[in-house]
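Q: Pasting a structure below so you can have a look.
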Amino acid sequence: MTDRIKEIDARVMSACSDSFKRIDEISQYCTEKVLNAFSAERISEAHLHGSTGYGYTDTGRDALDRVYARAFECEDALVRPQIISGTHALTVALFGMLRTGDCMLSVTGSPYDTLYDVVGINDGVGSLREYGIGYREIPFLNGDFDRVRIKKELEDKSIRLIFIQKSKGYLDRKTLSSRQIGEITEFVKALRPDVYVMVDNCYGEFCEKHEPVYYGADLMVGSLIKNAGGGLAKTGGYLAGTHECVERCSYRLTCPGIGRESAATGGYLADFFQGFFMAPHTAAQALKTAVYCAGVFESLGYGVNPKPHEKRYDIIQTVALGSPERLIAFCRGIQAGAPVDSFALPEPGDMAGYADKVIMAAGAFVQGASIELSADGPLRPPYTVFMQGALTFESGRLGVMRALKNILESDNKA
């Protein structure tokens, strides 16, 4: 690394100490919750072996559900390798909770791009719209919910589910705290107790002491190749919340009459248990990497969200790079800092579920695992990169330095 990069690194590391301390305190608190859940459920070596075939009497699978529910401080949970992604988990939840004639209302603006086909914005085959389920959204402006619009929309009795996306997705807004989600949940329930509040919790697990379901949300979902899998889960997703909601969703994941009583876990359980045990610590490594990235690029005049010293509610760090060349250079730097496929050169391309060309860097042990250091972004102004993950802060720090080196070299060539 050049002397300039070394100087920036030293200055940022010194400035980040208070943020790192806060992250470590949250990690310690959440680790104790997870450890207590393991102890309360008397997890033993016998729980780590999966099932085959129908998966009946899979005691490890059922115990894992209970561990998740205890650690997330909610009534019930469903954790399965058959859930292939966060988008799939969200789809299971939406189809499980909604029926023909119902309408979902997103109160955080447009959802993540991959949900467009699910809800029917793109007229996707098999969408909610195709099943006669409506979709509406309320813009999320100035970092707060539009309570006037929400109240007005709730006068329509077809509204059956309020959808909240905790993280920013590809939008330029702040990530929501679990407490903020709790406040809007209380507001909704006071007006319409019959309406469900569902949260896309992807990227948010263990970034705070409590999750959205602790503050009253009916259901939250996420992917195990993000925070909750701790970097060890090879696939899978979870749904957690009230017993009623989880039960309804289980019949959509499998089929009516079976629900959660079947589904083989194969050889996944040991990784699921160990990954969840590691998850608070692994999330802390990703958070420290995000803080460090924010400090580095803010010091050079780039717009960053969140700022280095702000409280964080997910692992995503954005940097507005201002040009496609810098966006590509950043992602190639992150790829060069990966333990797997470091030699690859990411290129922008069309991806299913995305409206714009997207560039993605992810040299991961698990394909697509964004709890491992990765970076991506759509090629559209202001050419913002979305960086997340890092199994260790040490490797994340090196990845950010390589991204910085690439950008400085790109600017010198321009």
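Ordering of the structure tokens sets the chain letters (A, B, ...), residue numbers begin anew at 1 in every chain, and ligands are numbered from 1 in the order given.
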Find the residues around A:Met360 up to 8 Å (only C-alpha atoms counted), leave out those fewer than 6 positions away in its own chain, and share them as a VMD selection string.
A: chain A and resid 331 346 to 348 374 to 377
Q: Okay, now the selection with N, CA and C atoms, as a short mmCIF file (atom, residue, chain, number, x, y, z; two decimals), in the first residue's frame?
A:
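Done, and the output landed in part-v1.cif:
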data_model
loop_
_atom_site.label_atom_id
_atom_site.label_comp_id
_atom_site.auth_asym_id
_atom_site.auth_seq_id
_atom_site.Cartn_x
_atom_site.Cartn_y
_atom_site.Cartn_z
N CYS A 331 -15.63 -2.02 -6.76
CA CYS A 331 -16.02 -3.44 -6.71
C CYS A 331 -14.86 -4.35 -7.09
N PRO A 346 -14.92 -8.20 -11.85
CA PRO A 346 -16.38 -8.00 -11.98
C PRO A 346 -16.71 -7.05 -13.12
N GLU A 347 -17.77 -7.37 -13.84
CA GLU A 347 -18.26 -6.52 -14.93
C GLU A 347 -19.75 -6.26 -14.71
N PRO A 348 -20.25 -5.07 -15.06
CA PRO A 348 -21.68 -4.81 -14.96
C PRO A 348 -22.46 -5.73 -15.90
N SER A 374 -18.57 -8.15 0.47
CA SER A 374 -19.07 -8.03 -0.89
C SER A 374 -19.45 -6.59 -1.15
N ALA A 375 -19.60 -6.27 -2.41
CA ALA A 375 -20.00 -4.91 -2.80
C ALA A 375 -20.74 -4.99 -4.12
N ASP A 376 -21.75 -4.16 -4.24
CA ASP A 376 -22.53 -4.17 -5.48
C ASP A 376 -23.22 -2.84 -5.63
N GLY A 377 -23.77 -2.64 -6.80
CA GLY A 377 -24.53 -1.42 -7.03
C GLY A 377 -25.04 -1.35 -8.44
#
Q: Hey, what's within 10 Å of A:Asp144 if we count only C-alpha atoms and toss same-chain stuff fewer than 2 positions away? As a ChimeraX atom specification, please?
A: /A:107-108,139-142,146-147,173-174,176,180,184
Q: Near A:Val197, within 8 Å and counting only C-alpha atoms, which residues show up once chain neighbours fewer than 2 positions away are dropped, as a ChimeraX atom specification?
A: /A:161-164,185,195,199,217-219
Q: Excluding A:Ala390 and any residue of its chain fewer than 4 positions from it, enumerate the residues within 10 Å of it, using only C-alpha atoms, and give them as an MDAnalysis selection string.
A: chainID A and resid 231 282:290 315 338 364 370:374 394:397 399
Q: Create the file for the chosen residues now, containing N, CA and C atoms and written as an mmCIF file, in the first residue's frame.
A:
data_model
loop_
_atom_site.group_PDB
_atom_site.id
_atom_site.type_symbol
_atom_site.label_atom_id
_atom_site.label_comp_id
_atom_site.auth_asym_id
_atom_site.auth_seq_id
_atom_site.Cartn_x
_atom_site.Cartn_y
_atom_site.Cartn_z
ATOM 1 N N GLY A 231 -21.877 -16.792 8.631
ATOM 2 C CA GLY A 231 -20.821 -17.115 7.694
ATOM 3 C C GLY A 231 -20.598 -18.608 7.512
ATOM 4 N N THR A 282 -19.895 -12.343 14.188
ATOM 5 C CA THR A 282 -19.645 -12.133 12.761
ATOM 6 C C THR A 282 -20.289 -10.824 12.290
ATOM 7 N N ALA A 283 -21.502 -10.559 12.767
ATOM 8 C CA ALA A 283 -22.148 -9.287 12.419
ATOM 9 C C ALA A 283 -21.318 -8.106 12.913
ATOM 10 N N ALA A 284 -20.703 -8.252 14.078
ATOM 11 C CA ALA A 284 -19.856 -7.179 14.605
ATOM 12 C C ALA A 284 -18.643 -6.942 13.708
ATOM 13 N N GLN A 285 -18.068 -8.008 13.141
ATOM 14 C CA GLN A 285 -16.940 -7.846 12.223
ATOM 15 C C GLN A 285 -17.364 -7.059 10.982
ATOM 16 N N ALA A 286 -18.563 -7.370 10.487
ATOM 17 C CA ALA A 286 -19.077 -6.651 9.316
ATOM 18 C C ALA A 286 -19.356 -5.187 9.650
ATOM 19 N N LEU A 287 -19.906 -4.944 10.837
ATOM 20 C CA LEU A 287 -20.197 -3.568 11.245
ATOM 21 C C LEU A 287 -18.922 -2.738 11.374
ATOM 22 N N LYS A 288 -17.887 -3.330 11.936
ATOM 23 C CA LYS A 288 -16.615 -2.606 12.066
ATOM 24 C C LYS A 288 -16.038 -2.284 10.689
ATOM 25 N N THR A 289 -16.157 -3.218 9.757
ATOM 26 C CA THR A 289 -15.687 -2.966 8.402
ATOM 27 C C THR A 289 -16.458 -1.816 7.765
ATOM 28 N N ALA A 290 -17.771 -1.779 8.016
ATOM 29 C CA ALA A 290 -18.600 -0.699 7.465
ATOM 30 C C ALA A 290 -18.202 0.655 8.055
ATOM 31 N N ILE A 315 -25.785 -3.981 8.316
ATOM 32 C CA ILE A 315 -24.361 -4.071 7.987
ATOM 33 C C ILE A 315 -23.993 -3.347 6.700
ATOM 34 N N ALA A 338 -10.683 -10.571 -1.806
ATOM 35 C CA ALA A 338 -11.448 -11.744 -1.384
ATOM 36 C C ALA A 338 -10.552 -12.974 -1.310
ATOM 37 N N ALA A 364 -16.601 -15.208 -2.282
ATOM 38 C CA ALA A 364 -17.076 -15.799 -1.034
ATOM 39 C C ALA A 364 -16.931 -17.312 -1.019
ATOM 40 N N SER A 370 -23.708 -12.493 1.501
ATOM 41 C CA SER A 370 -23.359 -11.102 1.742
ATOM 42 C C SER A 370 -23.000 -10.820 3.192
ATOM 43 N N ILE A 371 -22.887 -11.850 4.036
ATOM 44 C CA ILE A 371 -22.231 -11.647 5.325
ATOM 45 C C ILE A 371 -20.716 -11.730 5.125
ATOM 46 N N GLU A 372 -20.286 -12.312 3.995
ATOM 47 C CA GLU A 372 -18.886 -12.225 3.604
ATOM 48 C C GLU A 372 -18.707 -10.912 2.845
ATOM 49 N N LEU A 373 -17.485 -10.396 2.847
ATOM 50 C CA LEU A 373 -17.247 -9.087 2.248
ATOM 51 C C LEU A 373 -17.681 -9.077 0.790
ATOM 52 N N SER A 374 -18.569 -8.154 0.475
ATOM 53 C CA SER A 374 -19.067 -8.033 -0.887
ATOM 54 C C SER A 374 -19.446 -6.586 -1.149
ATOM 55 N N GLU A 394 -10.258 -7.765 10.069
ATOM 56 C CA GLU A 394 -8.930 -7.642 9.474
ATOM 57 C C GLU A 394 -8.983 -7.788 7.958
ATOM 58 N N SER A 395 -9.722 -8.787 7.476
ATOM 59 C CA SER A 395 -9.834 -8.973 6.021
ATOM 60 C C SER A 395 -10.686 -7.877 5.390
ATOM 61 N N GLY A 396 -11.722 -7.437 6.106
ATOM 62 C CA GLY A 396 -12.556 -6.358 5.592
ATOM 63 C C GLY A 396 -11.775 -5.068 5.424
ATOM 64 N N ARG A 397 -10.930 -4.785 6.388
ATOM 65 C CA ARG A 397 -10.081 -3.589 6.328
ATOM 66 C C ARG A 397 -9.173 -3.635 5.108
ATOM 67 N N GLY A 399 -9.718 -5.304 2.352
ATOM 68 C CA GLY A 399 -10.552 -5.157 1.163
ATOM 69 C C GLY A 399 -10.871 -3.706 0.867
#
Q: Please return, as a CSV table (one decimal) with N, CA and C atoms, in the first residue's frame, all residues of stretch 249-334 of chain A that DSSP assigns to helix (DSSP H, G or I) on the basis of the backbone.
A:
chain,number,residue,atom,x,y,z
A,249,CYS,N,-47.3,-19.4,7.5
A,249,CYS,CA,-46.3,-19.4,6.5
A,249,CYS,C,-45.7,-20.8,6.3
A,250,SER,N,-45.7,-21.6,7.4
A,250,SER,CA,-45.2,-23.0,7.2
A,250,SER,C,-46.0,-23.8,6.2
A,251,TYR,N,-47.3,-23.5,6.1
A,251,TYR,CA,-48.2,-24.2,5.2
A,251,TYR,C,-48.0,-23.8,3.8
A,252,ARG,N,-47.4,-22.6,3.6
A,252,ARG,CA,-47.0,-22.1,2.3
A,252,ARG,C,-45.6,-22.7,1.9
A,253,LEU,N,-44.7,-22.8,2.8
A,253,LEU,CA,-43.4,-23.3,2.5
A,253,LEU,C,-43.5,-24.8,2.1
A,259,GLY,N,-47.2,-28.5,6.8
A,259,GLY,CA,-46.6,-27.3,7.5
A,259,GLY,C,-45.2,-27.6,7.9
A,260,ARG,N,-44.9,-27.4,9.2
A,260,ARG,CA,-43.5,-27.5,9.7
A,260,ARG,C,-43.2,-29.0,10.1
A,261,GLU,N,-44.1,-29.9,10.0
A,261,GLU,CA,-43.9,-31.2,10.5
A,261,GLU,C,-43.0,-32.1,9.6
A,269,LEU,N,-27.6,-29.0,9.7
A,269,LEU,CA,-27.9,-28.5,11.0
A,269,LEU,C,-26.7,-28.1,11.8
A,270,ALA,N,-25.6,-28.8,11.7
A,270,ALA,CA,-24.4,-28.4,12.5
A,270,ALA,C,-24.0,-27.0,12.1
A,271,ASP,N,-24.0,-26.7,10.8
A,271,ASP,CA,-23.6,-25.3,10.3
A,271,ASP,C,-24.7,-24.3,10.8
A,272,PHE,N,-25.9,-24.7,10.8
A,272,PHE,CA,-27.0,-23.7,11.2
A,272,PHE,C,-26.8,-23.4,12.7
A,273,PHE,N,-26.6,-24.4,13.5
A,273,PHE,CA,-26.5,-24.1,14.9
A,273,PHE,C,-25.2,-23.3,15.2
A,274,GLN,N,-24.1,-23.8,14.7
A,274,GLN,CA,-22.8,-23.1,14.9
A,274,GLN,C,-22.8,-21.7,14.3
A,275,GLY,N,-23.4,-21.6,13.1
A,275,GLY,CA,-23.5,-20.2,12.5
A,275,GLY,C,-24.3,-19.2,13.3
A,276,PHE,N,-25.4,-19.7,13.8
A,276,PHE,CA,-26.2,-18.8,14.6
A,276,PHE,C,-25.5,-18.4,15.9
A,277,PHE,N,-24.8,-19.4,16.5
A,277,PHE,CA,-24.0,-19.1,17.7
A,277,PHE,C,-22.9,-18.0,17.4
A,278,MET,N,-22.3,-18.1,16.2
A,278,MET,CA,-21.3,-17.1,15.8
A,278,MET,C,-21.9,-15.8,15.3
A,279,ALA,N,-23.1,-15.8,15.0
A,279,ALA,CA,-23.7,-14.6,14.2
A,279,ALA,C,-23.5,-13.3,14.9
A,280,PRO,N,-23.7,-13.1,16.2
A,280,PRO,CA,-23.5,-11.8,16.8
A,280,PRO,C,-22.0,-11.3,16.6
A,281,HIS,N,-21.1,-12.2,16.7
A,281,HIS,CA,-19.7,-11.8,16.6
A,281,HIS,C,-19.4,-11.5,15.1
A,282,THR,N,-19.9,-12.3,14.2
A,282,THR,CA,-19.6,-12.1,12.8
A,282,THR,C,-20.3,-10.8,12.3
A,283,ALA,N,-21.5,-10.6,12.8
A,283,ALA,CA,-22.1,-9.3,12.4
A,283,ALA,C,-21.3,-8.1,12.9
A,284,ALA,N,-20.7,-8.3,14.1
A,284,ALA,CA,-19.9,-7.2,14.6
A,284,ALA,C,-18.6,-6.9,13.7
A,285,GLN,N,-18.1,-8.0,13.1
A,285,GLN,CA,-16.9,-7.8,12.2
A,285,GLN,C,-17.4,-7.1,11.0
A,286,ALA,N,-18.6,-7.4,10.5
A,286,ALA,CA,-19.1,-6.7,9.3
A,286,ALA,C,-19.4,-5.2,9.6
A,287,LEU,N,-19.9,-4.9,10.8
A,287,LEU,CA,-20.2,-3.6,11.2
A,287,LEU,C,-18.9,-2.7,11.4
A,288,LYS,N,-17.9,-3.3,11.9
A,288,LYS,CA,-16.6,-2.6,12.1
A,288,LYS,C,-16.0,-2.3,10.7
A,289,THR,N,-16.2,-3.2,9.8
A,289,THR,CA,-15.7,-3.0,8.4
A,289,THR,C,-16.5,-1.8,7.8
A,290,ALA,N,-17.8,-1.8,8.0
A,290,ALA,CA,-18.6,-0.7,7.5
A,290,ALA,C,-18.2,0.7,8.1
A,291,VAL,N,-18.0,0.7,9.4
A,291,VAL,CA,-17.5,1.9,10.0
A,291,VAL,C,-16.2,2.4,9.4
A,292,TYR,N,-15.3,1.5,9.3
A,292,TYR,CA,-14.0,1.8,8.7
A,292,TYR,C,-14.1,2.3,7.3
A,293,CYS,N,-14.9,1.7,6.5
A,293,CYS,CA,-15.1,2.1,5.1
A,293,CYS,C,-15.7,3.6,5.1
A,294,ALA,N,-16.7,3.8,5.9
A,294,ALA,CA,-17.3,5.2,6.0
A,294,ALA,C,-16.2,6.2,6.4
A,295,GLY,N,-15.4,5.9,7.3
A,295,GLY,CA,-14.3,6.8,7.7
A,295,GLY,C,-13.4,7.1,6.6
A,296,VAL,N,-12.9,6.1,5.9
A,296,VAL,CA,-12.0,6.2,4.8
A,296,VAL,C,-12.5,7.1,3.7
A,297,PHE,N,-13.7,6.8,3.3
A,297,PHE,CA,-14.2,7.6,2.1
A,297,PHE,C,-14.8,8.9,2.5
A,298,GLU,N,-15.3,9.1,3.7
A,298,GLU,CA,-15.7,10.4,4.1
A,298,GLU,C,-14.5,11.4,4.2
A,324,PRO,N,-19.5,5.8,-13.0
A,324,PRO,CA,-19.5,4.4,-13.2
A,324,PRO,C,-18.1,3.8,-13.1
A,325,GLU,N,-17.1,4.6,-13.5
A,325,GLU,CA,-15.7,4.1,-13.4
A,325,GLU,C,-15.3,3.9,-12.0
A,326,ARG,N,-15.7,4.8,-11.1
A,326,ARG,CA,-15.3,4.6,-9.7
A,326,ARG,C,-16.1,3.4,-9.1
A,327,LEU,N,-17.3,3.3,-9.5
A,327,LEU,CA,-18.1,2.1,-9.0
A,327,LEU,C,-17.5,0.8,-9.4
A,328,ILE,N,-17.1,0.7,-10.6
A,328,ILE,CA,-16.4,-0.5,-11.1
A,328,ILE,C,-15.1,-0.7,-10.4
A,329,ALA,N,-14.3,0.4,-10.2
A,329,ALA,CA,-13.0,0.3,-9.6
A,329,ALA,C,-13.2,-0.2,-8.1
A,330,PHE,N,-14.2,0.3,-7.4
A,330,PHE,CA,-14.4,-0.1,-6.0
A,330,PHE,C,-14.7,-1.6,-5.9
A,331,CYS,N,-15.6,-2.0,-6.8
A,331,CYS,CA,-16.0,-3.4,-6.7
A,331,CYS,C,-14.9,-4.4,-7.1
A,332,ARG,N,-14.1,-3.9,-8.0
A,332,ARG,CA,-12.9,-4.7,-8.4
A,332,ARG,C,-11.9,-4.8,-7.3
A,333,GLY,N,-11.8,-3.7,-6.5
A,333,GLY,CA,-10.9,-3.7,-5.4
A,333,GLY,C,-11.3,-4.7,-4.3
A,334,ILE,N,-12.6,-4.7,-4.0
A,334,ILE,CA,-13.2,-5.6,-3.0
A,334,ILE,C,-13.0,-7.0,-3.5
Q: At what distance in Å, to one decimal, does atom CA of A:Tyr383 lie from atom CA of A:Gly120?
A: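 Between these atoms lies a distance of 26.8 Å.
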Q: Could you check how far atom CA of A:Glu137 sits from atom CA of A:Ser110, in Å to one decimal?
A: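 About the pair atom CA of A:Glu137 and atom CA of A:Ser110: they are 6.5 Å apart.
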Q: From the options A:Asp58, A:Asp200, A:Asp172, A:Asp113, which residue's atoms come nearest to A:Val304, counting only C-alpha atoms?
A: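 Result for the nearest residue to A:Val304: A:Asp172.
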Q: Given only C-alpha atoms as the basis, pick out the residue of A:Ile359, A:Val67, A:Ala263, A:Leu78 nearest to A:Leu35.
A: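 Closest to A:Leu35, using only C-alpha atoms: A:Val67.
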Q: One number please: atom CA of A:Ala77 to atom CA of A:Gly241, in Å, one decimal.
A: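 Between atom CA of A:Ala77 and atom CA of A:Gly241 the gap works out to 6.4 Å.
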Q: Quick one: of A:Leu404, A:Ile23, A:Ala264, A:Ile8, who's nearest to A:Thr59, counting only C-alpha atoms?
A: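 Smallest distance to A:Thr59 is found for A:Ala264.
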Q: DSSP on the backbone: which residues in stretch 26-95 of chain A end up as strand (DSSP E or B)? Give the answer as a ChimeraX atom specification.
A: /A:76-80
Q: Atoms to include: N, CA and C atoms. Write the selected residues as a CSV table (one decimal), in the first residue's frame.
A:
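Listing of again09.csv after writing:
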chain,number,residue,atom,x,y,z
A,76,ASP,N,-42.3,-17.8,18.1
A,76,ASP,CA,-42.0,-18.9,17.2
A,76,ASP,C,-41.1,-18.6,16.1
A,77,ALA,N,-40.5,-19.6,15.5
A,77,ALA,CA,-39.6,-19.4,14.3
A,77,ALA,C,-39.6,-20.6,13.4
A,78,LEU,N,-39.3,-20.4,12.2
A,78,LEU,CA,-39.2,-21.5,11.2
A,78,LEU,C,-37.9,-21.3,10.5
A,79,VAL,N,-36.9,-22.2,10.6
A,79,VAL,CA,-35.6,-22.1,10.0
A,79,VAL,C,-35.4,-23.3,9.1
A,80,ARG,N,-35.2,-23.1,7.8
A,80,ARG,CA,-35.2,-24.2,6.9
A,80,ARG,C,-34.1,-24.1,5.8
